[in-house]
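What follows is one structure encoded as C-alpha cells, with my remarks underneath.
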Amino acid sequence: MTPWTLPRLLRRNAEQMAARPAIREKSHGIWQTFTWAQYWEEVGGFALGLAACGFRRGDKLAVIGDNRPRLYWAQLAAQCLGGTAVPMYQDSIASELVFVLNHAEVSVVVAEDQEQVDKILSLRSELPHLKLVVYDDPRGLRHYSTTGLAAFAELQATGREFGISHLGYVEAEIDKGDPDDLALLTYTSGTTGRPKGVMLSHANLLSSAQAFVEAEDIRASDELLCYLPMAWIGESLFSLVLTLLVGFTCNCPERPQTVQRDLRELGPTIAIAPPRIWENMLTQLRVRAADSTPLKSRLFEFFRGLAERVETFKGDGNRLSLVKRLGLLVGEVLVYGPVRDQLGLRRARWVYTGGAPLGPDTFKFFRSFGVNIKQVWGSTELAGLASLQPDAQADPDTVGRLIPGTEVRIAEDGEVLIRSAGVFKGYYKQPEVTRETITEDGWFRTGDSGFIDPRGHLVIVDRAKDVGKLADGTPFAPQFVENKLKFSPFIAEAVAFGDQRPFVAAIVAIDLTTVGNWAERHNLAYTSFQDLSAKREVRGLIAEEIAEVNVSLPDAARIRRFILLNKEFDADDNEITRTRKIRRRFVADKYAVVVEAFYRDDGEVEVTTEITYEDGRKGTLTSTIAIEDVLKAAKPTREPAYA
Amino acid sequence: MSGDVNGGNVSPGEAQLVVTGVSKHFGGVRAVETVTLSVRSGELISVIGPNGAGKTSLLNMISGFYRPDTGAIVFAGKDITGARPSHIAALGIARTFQNIALFAGMTVLDNIMLGRHVHMKAGVLSSFVYWGLAQKEEIAHRARVEELIEFLELEDLRKQPTSGLAYGLRKRVELARALALDPKLLLLDEPMGGMNQEEKEDMARFILDVNQQWGTTIILIEHDMAVVMDISDRVAVLDRGRKIAEGSPGEVQRHPDVITAYLGTAKARLEAAA
C-alpha cells in the first residue's frame, strides 16, 4: 500500500480523474471550473515558485482569507514541498495574527486581497520569520512596491522558470514525503486562554477521512459548497482532505454575502455547518414566512405544525395514519419541497451539524422538513471528527456512533477519552500541555463529559468543566438551557448561570434582524442595538420567549431572571471564539457584576464593557441595564410570536 | 481600458480636456465666469468651492447639458463646445449626478447594462430575435458589466431593483453605470454626498482604484475636504463662478484667496445673521 500523503492523492487524482471537476469558483457571475489536471498544474506551479523563493521541508505557510481555490492550492503546494499549512481566520485581529504567525514561525503568508495584505504589512516589523507575502486578488495592489510581496500568478511564473532548470523537483519532493510529516498546523479557537497550535500529520488527517468514507455515503459526484472559515478543522477535513481522497467537487462562493444565493444555485449534495448557520437559516425562514401573504404564512405554520407533530409521533414508534400521510404529501408539494429548494438543500442527501451542539428544536425542525440533518462530533485534536449518526438513527440527543477505528472510554469523572489514528501529534511547542491532554497510552482527553447509550451512541452532556449543580444539588448543564433559548428567533446568543446558585439566570443578546423587524411591525422606533435592547417592549418580548422555553424545562432549571446585553457577543472582544462558541469563563468574569446582581434584588445594574474595534483600538460602552424577572410560565399553547 | 471609442486617445500626461474661458449666465446670475481649466490624461482633479460657486454648472457644460455662453471646450483635440450630451458620451465622457439618477424599477444589472448602450451596434430586428451579432454583443457587454460588478463589489445585489437599495449603494451603482461607458474622462458630482464615514472611505477607494487601474481621467466635485486633499493630484477652487486658485492640495490649502473664500462666506453669513 502506498503511504498516502495529501500531495500524493492529488497526483493520483490528476492521473486518474484528470478531466473531472475538482474545484469551482464563482466569478463574474459564472461558476468557473478547474479539473483535477488543472488543480495539479496550479499547485505544482506554485510549489515551484515557493521552492524558488527558498521554501524548504518543515517550513510553514499560512493562508488568510475567504475560501478561494488559490488558498487551497497554496496549502497543498506547501505540503508538496514537505511544508506545513497554517490556515487562519480571515477576521483575526492584529494581536491574534502576530501571535499565530510568530508562534508557528510562518515564513510565507498567502493572503486573499488588499485588506489582508495591508493588515499583514502593517505588522511586518513584529514578524521576524515572515519572508514573503503572496496575494490572490491584485485589486488595488498594483502600485505596492514593498519587497517580498508578490501576486500569486507572478510567483507561479517564477516557479515555472525555476522548474525548467529543476526538472521533476516537485515530484521528487512529493516522493520524499512521509505520512507522519506535519500537514496542518491549526490553531484552535479554544474557549479558554491563548490559541494552541494543533499538529496534524498526513496520516492523522487521512485516517479520519478514511473512517468517514467507510461510515458515510460519499461519492466522487458529490458537490460541496466551501464557505466556512478555512481555519476550522471541519472545513479543512472536507475541502482539503476528503475532496482529495474521494474526488468530489468543492465550490467556492462568489463573496461571503452571496453564500445563500450561491447555495441555492448550486444545490450541493452534501453540506456541513456549525449550529450557528442552521439557527440563522431557521430564523431567516421564519421571518420570511411571517413577511409573506397571510395565506402563505398560514400554510407555512399549518404544515410546520403538522410536520413537527408527525416527527414526534414517529419518534414514539407509532405508525402514521393515512390522513397524516396524505397531509405530509400535500405539505411536501406546497411547503417542505419549496422550502428545501429555497435553502439550497433540495439535492442534499445528508447534511451535518457539528462543532457545537445544535438545539433539539432546531434539529427537529429541519428533520421534519425532510432535511436529513445529522450530528457529528469531533475536535481539532482528532483531525476533525470522531463520531457521526447513521441515517436511520439521527436524533438530537446523541452524536452518533464512533467512526471505524476509534476506541472510546469514559473516565471515572465522566470525561470522554478517545484513541485512534486520528489523534493529533501534540500542541506545537507546548509539550507539557500535550502531556496533560494525551495519556501515556495514547488516549486523548476530549474535555467533554458524556456516556454511551444502550444503542451504542455517544451522548455528550456538556463541556466537562461547565456542568455544575444548583445550590439545592440539582445538576445544571448551561449549554442545554442556552440551546433551548437560542431556538427563539429573537435570541442570538445566551449564556446561562446557575452553578452553586439558587436558580438559573441568563445574559441574552437579542438578534438585531428579527427583533428590529418585530419592532418595526409594532411601530417601535429605535436607533441602535443598544437602544433596541433597552426597550421595555423588547424586554417584555424576550421575557415571553423565555417563559415559553421554561415550559419545556424541569422546574429547577427554569430561568428566573435575565438581562438583555447592550451589545452582541463579539469574537474581537474575546467573548466568543471565531467559530462562535461562547467562552463561558471569560464571559462570567467580564460580566461578574451582572451575575452578582442576578442574585441580589437590585432591579438594575450598571455595565461597563470594553469594545475592541477591528483595527485593535478599544473603547468602552456604559449603560444601566434592567434585570428582568420571568414570573409566570406561559400558557402551554399560544400563538407563535411570529404570526 | 477595453472598447474602442472614437477619439479620446491621448497619451498619459498630455492635456486631454482643455476648457478655455467658459461662462454661463442664467438671467442676472453669473454661474460660471470665464473659467479656464486644463486636465491632463490620467489625472485626478477636484473642483471645490462654496455652495453656488458654479461647480456643477461647469460639469454640465463639459458633459453637454448646458451650452456655454462664451468660451470653448476641447476634448482630445475635438471641439465639443455645445455638442449634444449623447455625442459627448459617445466620445468617452461619462458622469454621475449629484442627485442619483438611476432607473428605480430596474435591477442593478440592467442599470449598468444601460451604460453599455453607446457601445451596442446590433439593430432592432436582430436584437429582437436575439440572434447573431446581437447575441454575441450581449454576451461581451455582460462580461464587461460583470467586471464592473466585481470591481465595485456589487455581486450580491445584481438582481435587486435599485429602488430598494441604501443610498450609498445606489451611488455605487451609478458609478458602475458611468464606468460601463468605458469613459476616458469621468465626471463625478459629489459622489460622497450624504454618506457616512465608512461609505465615504469605500467610495474614495473605488475612485482611486478606477484612476489607477484603468488610468481614467477624473474630475471630482466634492465637499469633504479631507477626502479631496487625500486623493486628488490637483485641486481647482471656484468661488462665485470664478476660478480663484489651482494647484496641488497643499498649495491650495495655503492659498490666501481660498482661505478668504471659505472663511469669508462664513463671516458674511455671520454678518447677515447679526
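Chain labels A, B, ... are given in the sequence in which chains occur in the C-alpha cells; within each chain residues are numbered consecutively from 1, and ligands are likewise numbered from 1 in the order shown.
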Chain A residues near chain B (12 Å cut-off, only C-alpha atoms) as a count of residues only: 25
Residue neighbourhood region 41-44 of chain B, 10 Å, only C-alpha atoms, exclusion window fewer than 4 positions, as a ChimeraX atom specification: /B:8-17,76,184-186,207-208,211-212,214-220,228,231-235
Residues within 12 Å of region 117-126 of chain A, only C-alpha atoms, excluding chain neighbours under 2 positions, as an NGL selection string: :A and (62-65 or 90-103 or 105 or 107-115 or 128-141 or 144-151 or 614-616)
The selected residues should be written to file as a short mmCIF file (atom, residue, chain, number, x, y, z; two decimals), in the first residue's frame (atoms: N, CA and C atoms).
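What landed in selection.cif:
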data_model
loop_
_atom_site.label_atom_id
_atom_site.label_comp_id
_atom_site.auth_asym_id
_atom_site.auth_seq_id
_atom_site.Cartn_x
_atom_site.Cartn_y
_atom_site.Cartn_z
N ALA A 62 1.15 30.17 5.82
CA ALA A 62 -0.19 30.49 6.34
C ALA A 62 -1.07 31.00 5.22
N VAL A 63 -2.35 30.69 5.28
CA VAL A 63 -3.30 31.29 4.34
C VAL A 63 -4.31 32.06 5.15
N ILE A 64 -4.70 33.22 4.61
CA ILE A 64 -5.70 34.02 5.31
C ILE A 64 -6.63 34.66 4.29
N GLY A 65 -7.91 34.41 4.46
CA GLY A 65 -8.89 34.98 3.54
C GLY A 65 -10.11 34.09 3.45
N GLN A 90 -10.03 34.60 8.77
CA GLN A 90 -9.92 35.82 7.95
C GLN A 90 -10.23 37.07 8.73
N ASP A 91 -10.98 36.93 9.84
CA ASP A 91 -11.33 38.13 10.60
C ASP A 91 -10.46 38.30 11.85
N SER A 92 -9.32 37.61 11.88
CA SER A 92 -8.44 37.75 13.04
C SER A 92 -7.99 39.20 13.20
N ILE A 93 -7.93 39.65 14.43
CA ILE A 93 -7.41 41.00 14.66
C ILE A 93 -5.90 40.93 14.80
N ALA A 94 -5.27 42.11 14.76
CA ALA A 94 -3.82 42.20 14.68
C ALA A 94 -3.09 41.34 15.71
N SER A 95 -3.51 41.42 16.98
CA SER A 95 -2.77 40.72 18.03
C SER A 95 -2.82 39.20 17.83
N GLU A 96 -3.97 38.70 17.34
CA GLU A 96 -4.09 37.26 17.08
C GLU A 96 -3.17 36.85 15.94
N LEU A 97 -3.14 37.68 14.89
CA LEU A 97 -2.29 37.40 13.75
C LEU A 97 -0.83 37.29 14.17
N VAL A 98 -0.39 38.29 14.92
CA VAL A 98 1.00 38.32 15.34
C VAL A 98 1.32 37.09 16.17
N PHE A 99 0.41 36.74 17.08
CA PHE A 99 0.66 35.59 17.93
C PHE A 99 0.84 34.32 17.10
N VAL A 100 -0.11 34.06 16.23
CA VAL A 100 -0.07 32.81 15.46
C VAL A 100 1.12 32.79 14.51
N LEU A 101 1.32 33.88 13.76
CA LEU A 101 2.40 33.89 12.76
C LEU A 101 3.77 33.71 13.43
N ASN A 102 3.94 34.30 14.60
CA ASN A 102 5.22 34.16 15.29
C ASN A 102 5.36 32.81 15.96
N HIS A 103 4.27 32.38 16.60
CA HIS A 103 4.33 31.10 17.30
C HIS A 103 4.62 29.97 16.31
N GLU A 105 6.09 30.35 13.47
CA GLU A 105 7.27 30.71 12.67
C GLU A 105 6.97 30.64 11.18
N SER A 107 6.82 31.49 7.41
CA SER A 107 7.71 32.26 6.54
C SER A 107 6.99 32.82 5.32
N VAL A 108 5.90 32.19 4.93
CA VAL A 108 5.15 32.69 3.77
C VAL A 108 3.67 32.83 4.15
N VAL A 109 3.09 33.97 3.82
CA VAL A 109 1.65 34.14 4.01
C VAL A 109 1.01 34.33 2.65
N VAL A 110 -0.05 33.58 2.38
CA VAL A 110 -0.82 33.79 1.17
C VAL A 110 -2.13 34.43 1.60
N ALA A 111 -2.34 35.69 1.16
CA ALA A 111 -3.50 36.46 1.59
C ALA A 111 -4.44 36.65 0.42
N GLU A 112 -5.71 36.76 0.76
CA GLU A 112 -6.70 36.84 -0.30
C GLU A 112 -6.66 38.16 -1.07
N ASP A 113 -6.57 39.27 -0.35
CA ASP A 113 -6.74 40.55 -1.04
C ASP A 113 -6.00 41.68 -0.33
N GLN A 114 -6.23 42.87 -0.83
CA GLN A 114 -5.56 44.06 -0.30
C GLN A 114 -5.79 44.24 1.20
N GLU A 115 -7.03 43.98 1.64
CA GLU A 115 -7.35 44.17 3.04
C GLU A 115 -6.43 43.33 3.92
N PRO A 128 9.33 38.58 12.65
CA PRO A 128 10.70 38.33 12.21
C PRO A 128 10.84 37.13 11.24
N HIS A 129 9.92 36.17 11.32
CA HIS A 129 10.08 34.96 10.49
C HIS A 129 9.54 35.15 9.08
N LEU A 130 8.70 36.16 8.90
CA LEU A 130 7.99 36.33 7.63
C LEU A 130 8.93 36.82 6.53
N LYS A 131 8.97 36.07 5.40
CA LYS A 131 9.83 36.46 4.29
C LYS A 131 9.05 36.91 3.08
N LEU A 132 7.88 36.32 2.89
CA LEU A 132 7.17 36.53 1.63
C LEU A 132 5.66 36.62 1.87
N VAL A 133 5.04 37.62 1.23
CA VAL A 133 3.59 37.73 1.27
C VAL A 133 3.07 37.60 -0.16
N VAL A 134 2.17 36.67 -0.38
CA VAL A 134 1.62 36.45 -1.71
C VAL A 134 0.14 36.79 -1.66
N TYR A 135 -0.36 37.42 -2.73
CA TYR A 135 -1.79 37.75 -2.73
C TYR A 135 -2.50 37.14 -3.92
N ASP A 136 -3.77 36.85 -3.70
CA ASP A 136 -4.60 36.24 -4.74
C ASP A 136 -5.17 37.32 -5.65
N ASP A 137 -5.94 38.25 -5.06
CA ASP A 137 -6.61 39.27 -5.84
C ASP A 137 -5.74 40.53 -5.93
N PRO A 138 -5.28 40.89 -7.15
CA PRO A 138 -4.35 42.01 -7.28
C PRO A 138 -5.00 43.38 -7.16
N ARG A 139 -6.29 43.41 -7.05
CA ARG A 139 -7.04 44.65 -6.96
C ARG A 139 -6.44 45.61 -5.93
N GLY A 140 -6.06 46.81 -6.42
CA GLY A 140 -5.56 47.84 -5.52
C GLY A 140 -4.12 47.64 -5.07
N LEU A 141 -3.50 46.53 -5.52
CA LEU A 141 -2.15 46.22 -5.03
C LEU A 141 -1.08 46.46 -6.09
N TYR A 144 1.86 48.75 -5.12
CA TYR A 144 2.66 48.48 -3.93
C TYR A 144 4.07 48.11 -4.36
N SER A 145 5.06 48.77 -3.77
CA SER A 145 6.42 48.47 -4.20
C SER A 145 7.22 47.78 -3.09
N THR A 146 6.50 47.29 -2.07
CA THR A 146 7.18 46.61 -0.96
C THR A 146 7.94 45.40 -1.49
N THR A 147 9.11 45.15 -0.95
CA THR A 147 9.80 43.92 -1.34
C THR A 147 9.18 42.76 -0.57
N GLY A 148 9.33 41.58 -1.17
CA GLY A 148 8.78 40.40 -0.52
C GLY A 148 7.28 40.33 -0.64
N LEU A 149 6.75 40.97 -1.67
CA LEU A 149 5.31 40.94 -1.93
C LEU A 149 5.12 40.51 -3.37
N ALA A 150 4.34 39.49 -3.62
CA ALA A 150 4.16 39.02 -5.00
C ALA A 150 2.74 38.55 -5.23
N ALA A 151 2.29 38.69 -6.48
CA ALA A 151 0.98 38.16 -6.86
C ALA A 151 1.12 36.65 -7.04
N GLU A 614 -12.20 46.58 14.99
CA GLU A 614 -11.50 45.66 14.11
C GLU A 614 -10.02 45.98 13.98
N ASP A 615 -9.65 47.24 14.11
CA ASP A 615 -8.24 47.58 13.97
C ASP A 615 -7.50 47.46 15.30
N GLY A 616 -8.18 46.95 16.33
CA GLY A 616 -7.50 46.71 17.58
C GLY A 616 -7.67 47.82 18.61
#
Residue contacts of region 590-607 of chain A (7 Å, only C-alpha atoms) excluding same-chain residues fewer than 6 positions away, as an NGL selection string: :A and (505 or 561 or 622-627)
Selection to disk with all heavy atoms, as a PDB file, in the first residue's frame:
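Result saved to part.pdb:
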ATOM      1  N   ALA A 505     -30.114  31.937  35.816  1.00  0.00           N
ATOM      2  CA  ALA A 505     -30.306  33.260  35.222  1.00  0.00           C
ATOM      3  C   ALA A 505     -29.504  33.315  33.925  1.00  0.00           C
ATOM      4  O   ALA A 505     -28.584  32.521  33.735  1.00  0.00           O
ATOM      5  CB  ALA A 505     -29.832  34.336  36.186  1.00  0.00           C
ATOM      6  N   ARG A 561     -34.377  34.851  35.951  1.00  0.00           N
ATOM      7  CA  ARG A 561     -34.008  36.246  35.680  1.00  0.00           C
ATOM      8  C   ARG A 561     -33.138  36.320  34.445  1.00  0.00           C
ATOM      9  O   ARG A 561     -32.415  35.379  34.126  1.00  0.00           O
ATOM     10  CB  ARG A 561     -33.231  36.825  36.861  1.00  0.00           C
ATOM     11  CG  ARG A 561     -34.123  37.242  37.989  1.00  0.00           C
ATOM     12  CD  ARG A 561     -33.425  38.139  38.961  1.00  0.00           C
ATOM     13  NE  ARG A 561     -34.389  38.461  40.010  1.00  0.00           N
ATOM     14  CZ  ARG A 561     -34.083  38.526  41.299  1.00  0.00           C
ATOM     15  NH1 ARG A 561     -32.852  38.330  41.696  1.00  0.00           N
ATOM     16  NH2 ARG A 561     -35.014  38.823  42.186  1.00  0.00           N
ATOM     17  N   THR A 622     -20.951  52.140  28.343  1.00  0.00           N
ATOM     18  CA  THR A 622     -21.544  52.013  29.671  1.00  0.00           C
ATOM     19  C   THR A 622     -23.039  52.183  29.557  1.00  0.00           C
ATOM     20  O   THR A 622     -23.515  53.102  28.890  1.00  0.00           O
ATOM     21  CB  THR A 622     -20.989  53.099  30.612  1.00  0.00           C
ATOM     22  OG1 THR A 622     -19.572  52.992  30.614  1.00  0.00           O
ATOM     23  CG2 THR A 622     -21.504  52.908  32.014  1.00  0.00           C
ATOM     24  N   SER A 623     -23.784  51.304  30.197  1.00  0.00           N
ATOM     25  CA  SER A 623     -25.209  51.558  30.283  1.00  0.00           C
ATOM     26  C   SER A 623     -25.789  50.853  31.488  1.00  0.00           C
ATOM     27  O   SER A 623     -25.229  49.907  32.010  1.00  0.00           O
ATOM     28  CB  SER A 623     -25.923  51.134  29.000  1.00  0.00           C
ATOM     29  OG  SER A 623     -25.574  49.826  28.688  1.00  0.00           O
ATOM     30  N   THR A 624     -26.930  51.367  31.899  1.00  0.00           N
ATOM     31  CA  THR A 624     -27.627  50.753  33.020  1.00  0.00           C
ATOM     32  C   THR A 624     -28.655  49.806  32.433  1.00  0.00           C
ATOM     33  O   THR A 624     -29.468  50.197  31.608  1.00  0.00           O
ATOM     34  CB  THR A 624     -28.319  51.831  33.863  1.00  0.00           C
ATOM     35  OG1 THR A 624     -27.317  52.765  34.263  1.00  0.00           O
ATOM     36  CG2 THR A 624     -28.957  51.220  35.084  1.00  0.00           C
ATOM     37  N   ILE A 625     -28.559  48.571  32.840  1.00  0.00           N
ATOM     38  CA  ILE A 625     -29.425  47.563  32.252  1.00  0.00           C
ATOM     39  C   ILE A 625     -30.381  47.042  33.308  1.00  0.00           C
ATOM     40  O   ILE A 625     -29.985  46.759  34.443  1.00  0.00           O
ATOM     41  CB  ILE A 625     -28.590  46.391  31.696  1.00  0.00           C
ATOM     42  CG1 ILE A 625     -27.618  46.917  30.647  1.00  0.00           C
ATOM     43  CG2 ILE A 625     -29.490  45.328  31.102  1.00  0.00           C
ATOM     44  CD1 ILE A 625     -26.696  45.864  30.100  1.00  0.00           C
ATOM     45  N   ALA A 626     -31.651  46.914  32.902  1.00  0.00           N
ATOM     46  CA  ALA A 626     -32.651  46.424  33.844  1.00  0.00           C
ATOM     47  C   ALA A 626     -32.572  44.910  33.948  1.00  0.00           C
ATOM     48  O   ALA A 626     -32.363  44.230  32.956  1.00  0.00           O
ATOM     49  CB  ALA A 626     -34.036  46.830  33.383  1.00  0.00           C
ATOM     50  N   ILE A 627     -32.719  44.417  35.157  1.00  0.00           N
ATOM     51  CA  ILE A 627     -32.766  42.971  35.353  1.00  0.00           C
ATOM     52  C   ILE A 627     -34.228  42.557  35.357  1.00  0.00           C
ATOM     53  O   ILE A 627     -35.048  43.111  36.094  1.00  0.00           O
ATOM     54  CB  ILE A 627     -32.089  42.572  36.680  1.00  0.00           C
ATOM     55  CG1 ILE A 627     -30.594  42.860  36.545  1.00  0.00           C
ATOM     56  CG2 ILE A 627     -32.332  41.110  36.990  1.00  0.00           C
ATOM     57  CD1 ILE A 627     -29.799  42.577  37.773  1.00  0.00           C
TER      58      ILE A 627
END
DSSP strand (DSSP E) selection over region 23-257 of chain B, as an MDAnalysis selection string: chainID B and resid 23:26 29:40 44:48 70:75 78:79 93:96 185:189 217:221 234:239 242:247
Spatial neighbours of Phe65 (chain B), 9 Å, only C-alpha atoms, chain gap at least 6 places, as a PyMOL selection string: chain B and resi 57+59+82-85
Contact residues around Gly58 (chain A) with only C-alpha atoms at 9 Å, ignoring same-chain residues under 5 positions, as a list in words: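 The residues that qualify are Leu81, Gly82, Gly83, Thr84, Asp181 and Leu182 of chain A.
Each of B:Lys24, B:Ser248, B:Gly132, B:Asp110 was checked against Ala72 (chain B) using only C-alpha atoms; the smallest atom-to-atom distance is that of B:Lys24.
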Which of region 40-81 of chain A fall in helix (DSSP H, G or I), as a ChimeraX atom specification: /A:40-52,69-80
Residues near Lys196 (chain A), cut-off 7 Å, only C-alpha atoms, skip fewer than 5 positions along chain, as an MDAnalysis selection string: chainID A and resid 187:188 427
